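Here the structure is laid out as structure tokens; the discussion comes afterwards.
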Amino acid sequence: MESTAPSNLQQLKTLKTELIRFMMSYKFALDEMNTKIDILKQEFQYIHDYNPIEHVKSRIKSPESILKKIQRKGYELSLPSIREHIRDIAAIRITCSFISDIYEISSMLQNQKDITVVECKDYIKNPKPNGYQSLHLILKIPIFMSDREDHIHVEIQIRTIAMDFWASLEHKIYYKYNKEVPQTIKDDLREAAMTAAQLDKKMESIHKEMNKIKELLNHEEDLNELSINNERFRLPVDFLLPIMKKANLVE
């Protein structure tokens with residue numbers, strides 16, 4: 001009895017350590033993805049003088065939620081099984097201004113060399129029956145621990161403000177009714193989703209027109225100036241000339 005107790009205690013300690021490392025790997029994956037998103041956001045701002053991202057939210061499923069989901073899906077209750085089959089433990093929601101921003105951000109993320117695209121579901125081109133719209137990506141990102149390299153699933157949801165507004169209110173309504181929502185309300189929600197989609201298309205059209213106007217106004221912009229963090233820097237001609245010659249912009 002005395003020899004068994006320390007052994008059991010050691011096994012519990014080992015299990016606890018593995019559980020901590022398991023959950024931390026998803027936190028590190030979120031940190032990596034949030035850094036990537038922030039870099040792309042800043043780069044886009046500097047180059048295009050425009051920020052396509054309105055909000056970014058991230059979360060990690062609680063152990064209780066993970067347990068309920070693995071049991072509901074009928075998979076084996078083990079860490080390797082959970083890692084393989086539960087792909088939304090780490091999740092990020094990106095809210096954009098326009099539909100074109102969604103596909104731009106999605107493309108930029110998918111083109112990252114260390115990211116593996118596992119799945120892409122486009123609920124914008126093919127909305128769910130209830131009217132839900134969003135772009136869902138399941139990505140795999142490498143995480144380097146002290147003694148291993150793990151590849152962690154991260155779910156990315158990219159929506160417009162209108163899509164996010166509708167989805168948030170739809171979730172609250174379903175929660176209030178404990179998912180037993182009358183058909184009339186379901187019909188109203190679907191109609192509201194269509195109205196939100198029409199608004200997105202109208203705002204996208206306005207956005208494109210404004211970009212055309214901006215291009216005309218900036219046509220004669222001084223290319224010798226560079227703006228970073230609201231500071232303007234004058235670029236010497238000696239710096240620009242070799243670059244322009246290489247690009248065949250001047251002889």
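Chains: A, B, ... in order of the structure tokens. Residues: from 1 per chain. Ligands: from 1, in order shown.
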Shell around Ile105 (chain A) at 10 Å using only C-alpha atoms, local window under 6 positions removed, as a PDB file with C-alpha atoms, in the first residue's frame:
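Dumped everything to out.pdb:
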```pdb
ATOM      1  CA  ILE A  37      -2.955  39.143 -37.699  1.00  0.00           C
ATOM      2  CA  LEU A  40      -0.812  42.001 -41.460  1.00  0.00           C
ATOM      3  CA  LYS A  41      -3.101  44.712 -40.072  1.00  0.00           C
ATOM      4  CA  PHE A  44      -1.989  46.927 -44.696  1.00  0.00           C
ATOM      5  CA  PRO A  52      -9.439  46.262 -43.010  1.00  0.00           C
ATOM      6  CA  ILE A  53      -9.835  44.866 -39.473  1.00  0.00           C
ATOM      7  CA  ILE A  94     -12.019  38.792 -37.016  1.00  0.00           C
ATOM      8  CA  CYS A  96     -14.114  43.499 -40.964  1.00  0.00           C
ATOM      9  CA  ASN A 111      -0.392  32.347 -47.842  1.00  0.00           C
ATOM     10  CA  ILE A 158     -14.025  36.246 -40.458  1.00  0.00           C
TER      11      ILE A 158
END
```
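Once region 132-145 of chain A and its same-chain neighbours fewer than 3 positions away are set aside, A:Ile115, A:Thr116, A:Val117, A:Val118, A:Glu119, A:Cys120, A:Lys121, A:Asp122, A:Tyr123, A:Ile124, A:Pro127, A:Lys128, A:Arg148, A:Glu149, A:Asp150, A:His151, A:Ile152, A:His153, A:Val154, A:Glu155, A:Ile156, A:Gln157, A:Ile158, A:Arg159 remain within 6 Å of it when counting only C-alpha atoms.
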Could you write out that same residue set with C-alpha atoms as a CSV table (one decimal), in the first residue's frame?
```csv
chain,number,residue,atom,x,y,z
A,115,ILE,CA,0.4,27.8,-41.8
A,116,THR,CA,-1.4,24.7,-43.1
A,117,VAL,CA,-5.0,25.1,-44.3
A,118,VAL,CA,-7.0,22.2,-43.1
A,119,GLU,CA,-10.5,23.4,-44.0
A,120,CYS,CA,-12.3,26.4,-45.5
A,121,LYS,CA,-16.1,26.8,-45.2
A,122,ASP,CA,-17.5,29.8,-47.0
A,123,TYR,CA,-20.9,30.6,-45.5
A,124,ILE,CA,-21.0,33.9,-47.3
A,127,PRO,CA,-25.2,30.8,-46.2
A,128,LYS,CA,-26.6,28.4,-43.7
A,148,ARG,CA,8.8,19.2,-29.0
A,149,GLU,CA,7.2,20.8,-31.9
A,150,ASP,CA,3.4,20.6,-31.9
A,151,HIS,CA,1.0,21.5,-34.7
A,152,ILE,CA,-2.1,23.1,-33.3
A,153,HIS,CA,-5.5,23.6,-34.9
A,154,VAL,CA,-6.9,27.2,-34.7
A,155,GLU,CA,-10.3,28.1,-36.0
A,156,ILE,CA,-10.6,31.5,-37.7
A,157,GLN,CA,-14.0,33.1,-38.3
A,158,ILE,CA,-14.0,36.2,-40.5
A,159,ARG,CA,-17.2,38.4,-40.7
```
(Q) I need the residues in region 48-182 of chain A that are alpha helix (DSSP H) according to DSSP; give them as a ChimeraX atom specification. (A) /A:48,63-73,79-85,99-110,161-176
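CA of Tyr26 (chain A) is found 28.0 Å from CA of Leu169 (chain A).
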Q) Near region 172-186 of chain A, counting only C-alpha atoms, which residues have an atom at most 12 Å away, once you skip same-chain residues fewer than 6 positions from it, shown as a list in words? A)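 Contacts, with the query itself left out: Pro129, Asn130, Gly131, Tyr132, Phe165, Trp166, Ala192 and Ala193 of chain A.
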Would you save the residues from that selection as a compact mmCIF listing (two decimals), in the first residue's frame, using all heavy atoms?
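Dumped to selection-v6.txt:
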```
# COMPACT_ATOMS: atom_id res chain seq x y z
N PRO A 129 -28.93 27.57 -43.69
CA PRO A 129 -30.38 27.71 -43.87
C PRO A 129 -31.00 28.81 -43.00
O PRO A 129 -31.99 29.43 -43.40
CB PRO A 129 -30.92 26.33 -43.47
CG PRO A 129 -29.79 25.39 -43.77
CD PRO A 129 -28.54 26.15 -43.47
N ASN A 130 -30.43 29.06 -41.81
CA ASN A 130 -31.00 30.09 -40.94
C ASN A 130 -30.55 31.50 -41.32
O ASN A 130 -30.98 32.48 -40.72
CB ASN A 130 -30.63 29.82 -39.47
CG ASN A 130 -29.13 29.95 -39.20
OD1 ASN A 130 -28.33 29.99 -40.12
ND2 ASN A 130 -28.78 30.02 -37.93
N GLY A 131 -29.68 31.62 -42.34
CA GLY A 131 -29.22 32.93 -42.79
C GLY A 131 -27.83 33.29 -42.34
O GLY A 131 -27.28 34.31 -42.77
N TYR A 132 -27.23 32.47 -41.51
CA TYR A 132 -25.89 32.75 -40.97
C TYR A 132 -24.86 32.89 -42.08
O TYR A 132 -24.82 32.08 -43.00
CB TYR A 132 -25.47 31.63 -40.02
CG TYR A 132 -24.04 31.73 -39.50
CD1 TYR A 132 -23.75 32.51 -38.38
CD2 TYR A 132 -23.00 31.06 -40.14
CE1 TYR A 132 -22.45 32.60 -37.91
CE2 TYR A 132 -21.70 31.16 -39.67
CZ TYR A 132 -21.42 31.92 -38.56
OH TYR A 132 -20.14 32.01 -38.09
N PHE A 165 -23.11 41.33 -36.03
CA PHE A 165 -24.27 41.87 -35.31
C PHE A 165 -25.42 40.87 -35.35
O PHE A 165 -26.03 40.54 -34.32
CB PHE A 165 -24.68 43.20 -35.95
CG PHE A 165 -25.97 43.76 -35.43
CD1 PHE A 165 -26.03 44.35 -34.18
CD2 PHE A 165 -27.12 43.71 -36.21
CE1 PHE A 165 -27.23 44.88 -33.70
CE2 PHE A 165 -28.31 44.23 -35.74
CZ PHE A 165 -28.38 44.82 -34.48
N TRP A 166 -25.71 40.34 -36.54
CA TRP A 166 -26.80 39.38 -36.69
C TRP A 166 -26.51 38.12 -35.90
O TRP A 166 -27.38 37.61 -35.17
CB TRP A 166 -27.01 39.04 -38.17
CG TRP A 166 -28.14 38.08 -38.39
CD1 TRP A 166 -29.45 38.40 -38.63
CD2 TRP A 166 -28.08 36.64 -38.35
NE1 TRP A 166 -30.20 37.25 -38.76
CE2 TRP A 166 -29.39 36.16 -38.58
CE3 TRP A 166 -27.05 35.73 -38.16
CZ2 TRP A 166 -29.69 34.80 -38.63
CZ3 TRP A 166 -27.34 34.37 -38.19
CH2 TRP A 166 -28.64 33.92 -38.42
N ALA A 192 -33.98 39.02 -41.58
CA ALA A 192 -33.01 40.01 -41.08
C ALA A 192 -31.62 39.72 -41.62
O ALA A 192 -30.85 40.64 -41.94
CB ALA A 192 -33.00 39.99 -39.55
N ALA A 193 -31.28 38.43 -41.75
CA ALA A 193 -29.97 38.04 -42.31
C ALA A 193 -29.86 38.49 -43.76
O ALA A 193 -28.80 38.96 -44.20
CB ALA A 193 -29.79 36.53 -42.20
```
Select from region 5-199 of chain A everything DSSP, run on the backbone, classes as strand (DSSP E or B), then give the selection as a CSV table (one decimal) with N, CA and C atoms, in the first residue's frame.
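Now in states07.csv:
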```csv
chain,number,residue,atom,x,y,z
A,53,ILE,N,-9.4,45.6,-40.6
A,53,ILE,CA,-9.8,44.9,-39.5
A,53,ILE,C,-10.4,45.8,-38.4
A,54,GLU,N,-11.7,45.6,-38.1
A,54,GLU,CA,-12.3,46.4,-37.0
A,54,GLU,C,-12.1,45.9,-35.6
A,55,HIS,N,-12.3,44.6,-35.4
A,55,HIS,CA,-12.1,43.9,-34.1
A,55,HIS,C,-11.5,42.5,-34.3
A,56,VAL,N,-10.8,42.1,-33.3
A,56,VAL,CA,-10.2,40.8,-33.2
A,56,VAL,C,-10.5,40.2,-31.8
A,57,LYS,N,-11.2,39.1,-31.7
A,57,LYS,CA,-11.5,38.4,-30.4
A,57,LYS,C,-11.0,37.0,-30.5
A,58,SER,N,-10.4,36.6,-29.4
A,58,SER,CA,-9.9,35.2,-29.3
A,58,SER,C,-10.3,34.5,-28.0
A,59,ARG,N,-10.4,33.2,-28.0
A,59,ARG,CA,-10.8,32.5,-26.8
A,59,ARG,C,-10.3,31.0,-26.9
A,60,ILE,N,-10.2,30.4,-25.7
A,60,ILE,CA,-9.8,29.0,-25.6
A,60,ILE,C,-11.0,28.3,-24.9
A,90,ALA,N,-8.9,26.4,-29.8
A,90,ALA,CA,-8.4,27.8,-30.0
A,90,ALA,C,-9.2,28.5,-31.1
A,91,ALA,N,-9.8,29.6,-30.9
A,91,ALA,CA,-10.6,30.3,-31.9
A,91,ALA,C,-10.4,31.8,-31.9
A,92,ILE,N,-10.4,32.3,-33.1
A,92,ILE,CA,-10.2,33.8,-33.3
A,92,ILE,C,-11.4,34.3,-34.2
A,93,ARG,N,-12.0,35.4,-33.8
A,93,ARG,CA,-13.0,36.0,-34.7
A,93,ARG,C,-12.5,37.3,-35.1
A,94,ILE,N,-12.5,37.5,-36.4
A,94,ILE,CA,-12.0,38.8,-37.0
A,94,ILE,C,-13.2,39.5,-37.6
A,95,THR,N,-13.5,40.7,-37.2
A,95,THR,CA,-14.6,41.5,-37.8
A,95,THR,C,-14.0,42.6,-38.7
A,96,CYS,N,-14.6,42.6,-39.9
A,96,CYS,CA,-14.1,43.5,-41.0
A,96,CYS,C,-15.2,44.5,-41.3
A,116,THR,N,-0.8,25.7,-42.3
A,116,THR,CA,-1.4,24.7,-43.1
A,116,THR,C,-2.9,24.9,-43.1
A,117,VAL,N,-3.5,25.0,-44.3
A,117,VAL,CA,-5.0,25.1,-44.3
A,117,VAL,C,-5.6,23.7,-44.3
A,118,VAL,N,-6.4,23.5,-43.3
A,118,VAL,CA,-7.0,22.2,-43.1
A,118,VAL,C,-8.4,22.2,-43.7
A,119,GLU,N,-9.1,23.3,-43.5
A,119,GLU,CA,-10.5,23.4,-44.0
A,119,GLU,C,-10.9,24.8,-44.2
A,120,CYS,N,-11.7,25.0,-45.2
A,120,CYS,CA,-12.3,26.4,-45.5
A,120,CYS,C,-13.8,26.2,-45.8
A,121,LYS,N,-14.6,26.9,-45.0
A,121,LYS,CA,-16.1,26.8,-45.2
A,121,LYS,C,-16.6,28.2,-45.5
A,122,ASP,N,-17.1,28.5,-46.7
A,122,ASP,CA,-17.5,29.8,-47.0
A,122,ASP,C,-19.1,29.9,-46.9
A,135,LEU,N,-17.0,33.4,-42.9
A,135,LEU,CA,-16.0,32.6,-43.5
A,135,LEU,C,-15.2,31.9,-42.4
A,136,HIS,N,-15.2,30.5,-42.5
A,136,HIS,CA,-14.6,29.8,-41.4
A,136,HIS,C,-13.3,29.1,-42.0
A,137,LEU,N,-12.2,29.2,-41.3
A,137,LEU,CA,-11.0,28.6,-41.6
A,137,LEU,C,-10.5,27.7,-40.5
A,138,ILE,N,-10.1,26.5,-40.8
A,138,ILE,CA,-9.4,25.7,-39.8
A,138,ILE,C,-7.9,25.6,-40.2
A,139,LEU,N,-7.0,26.2,-39.4
A,139,LEU,CA,-5.6,26.3,-39.8
A,139,LEU,C,-4.8,25.5,-38.8
A,140,LYS,N,-3.6,25.0,-39.2
A,140,LYS,CA,-2.7,24.4,-38.3
A,140,LYS,C,-1.4,25.3,-38.3
A,141,ILE,N,-0.9,25.5,-37.0
A,141,ILE,CA,0.2,26.3,-36.9
A,141,ILE,C,1.2,25.6,-36.0
A,142,PRO,N,2.5,25.7,-36.3
A,142,PRO,CA,3.5,25.0,-35.5
A,142,PRO,C,3.8,25.8,-34.2
A,143,ILE,N,3.9,25.1,-33.1
A,143,ILE,CA,4.3,25.7,-31.8
A,143,ILE,C,5.5,24.9,-31.3
A,144,PHE,N,6.6,25.7,-31.0
A,144,PHE,CA,7.8,25.1,-30.5
A,144,PHE,C,8.0,25.1,-29.0
A,149,GLU,N,7.8,19.9,-31.0
A,149,GLU,CA,7.2,20.8,-31.9
A,149,GLU,C,5.7,20.2,-32.1
A,150,ASP,N,4.8,21.0,-31.7
A,150,ASP,CA,3.4,20.6,-31.9
A,150,ASP,C,2.7,21.4,-33.0
A,151,HIS,N,1.8,20.8,-33.7
A,151,HIS,CA,1.0,21.5,-34.7
A,151,HIS,C,-0.4,21.6,-34.3
A,152,ILE,N,-0.9,22.8,-34.0
A,152,ILE,CA,-2.1,23.1,-33.3
A,152,ILE,C,-3.2,23.6,-34.2
A,153,HIS,N,-4.4,23.1,-34.1
A,153,HIS,CA,-5.5,23.6,-34.9
A,153,HIS,C,-6.0,25.0,-34.3
A,154,VAL,N,-6.3,25.9,-35.2
A,154,VAL,CA,-6.9,27.2,-34.7
A,154,VAL,C,-8.0,27.5,-35.7
A,155,GLU,N,-9.2,27.7,-35.1
A,155,GLU,CA,-10.3,28.1,-36.0
A,155,GLU,C,-10.4,29.6,-36.1
A,156,ILE,N,-10.5,30.1,-37.4
A,156,ILE,CA,-10.6,31.5,-37.7
A,156,ILE,C,-12.0,31.8,-38.3
A,157,GLN,N,-12.8,32.7,-37.7
A,157,GLN,CA,-14.0,33.1,-38.3
A,157,GLN,C,-13.8,34.6,-38.7
A,158,ILE,N,-14.2,34.9,-39.9
A,158,ILE,CA,-14.0,36.2,-40.5
A,158,ILE,C,-15.4,36.7,-40.9
A,159,ARG,N,-15.8,37.9,-40.4
A,159,ARG,CA,-17.2,38.4,-40.7
A,159,ARG,C,-17.1,39.9,-40.9
A,160,THR,N,-18.2,40.4,-41.5
A,160,THR,CA,-18.4,41.9,-41.5
A,160,THR,C,-19.1,42.3,-40.2
```
Distance query Glu18 (chain A) at most 12 Å, only C-alpha atoms, self and fewer than 5 positions along chain excluded, as a CSV table (one decimal) with N, CA, C and O atoms, in the first residue's frame:
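Result written to out_13.csv:
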```csv
chain,number,residue,atom,x,y,z
A,11,GLN,N,1.9,9.6,-11.0
A,11,GLN,CA,1.1,9.5,-12.2
A,11,GLN,C,0.2,10.7,-12.3
A,11,GLN,O,0.0,11.2,-13.4
A,12,LEU,N,-0.4,11.1,-11.2
A,12,LEU,CA,-1.3,12.3,-11.2
A,12,LEU,C,-0.5,13.5,-11.5
A,12,LEU,O,-1.0,14.4,-12.3
A,13,LYS,N,0.7,13.6,-11.0
A,13,LYS,CA,1.5,14.8,-11.3
A,13,LYS,C,1.9,14.9,-12.8
A,13,LYS,O,1.8,15.9,-13.4
A,23,MET,N,-3.1,22.5,-22.7
A,23,MET,CA,-3.9,23.7,-22.8
A,23,MET,C,-3.0,24.9,-23.1
A,23,MET,O,-3.4,25.8,-23.9
A,24,MET,N,-1.7,24.9,-22.6
A,24,MET,CA,-0.8,26.0,-23.0
A,24,MET,C,-0.5,26.0,-24.5
A,24,MET,O,-0.3,27.1,-25.0
A,25,SER,N,-0.4,24.9,-25.1
A,25,SER,CA,-0.1,24.8,-26.5
A,25,SER,C,-1.1,25.6,-27.3
A,25,SER,O,-0.8,26.3,-28.3
A,78,SER,N,-9.1,11.0,-24.9
A,78,SER,CA,-7.7,11.0,-24.7
A,78,SER,C,-7.2,12.3,-25.3
A,78,SER,O,-7.8,12.9,-26.2
A,79,LEU,N,-6.0,12.8,-24.9
A,79,LEU,CA,-5.5,14.0,-25.4
A,79,LEU,C,-5.2,13.9,-26.9
A,79,LEU,O,-5.5,14.9,-27.6
A,80,PRO,N,-4.6,12.8,-27.4
A,80,PRO,CA,-4.4,12.8,-28.9
A,80,PRO,C,-5.7,12.8,-29.7
A,80,PRO,O,-5.8,13.4,-30.7
```
Q. In Å, with one decimal, what is the gap from CA of Ile39 (chain A) to CA of Ser100 (chain A)?
A.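 That distance, rounded to one decimal, is 19.1 Å.
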Q. With only C-alpha atoms as the atoms that count, which of A:Met163, A:Ser81, A:Met194, A:Lys214 lies nearest to Ser97 (chain A)?
A. A:Met163
Q: Can you work out the spacing between CA of Ile82 (chain A) and CA of Leu67 (chain A) in Å, to one decimal?
A: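 For CA of Ile82 (chain A) relative to CA of Leu67 (chain A), the distance reads 8.7 Å.
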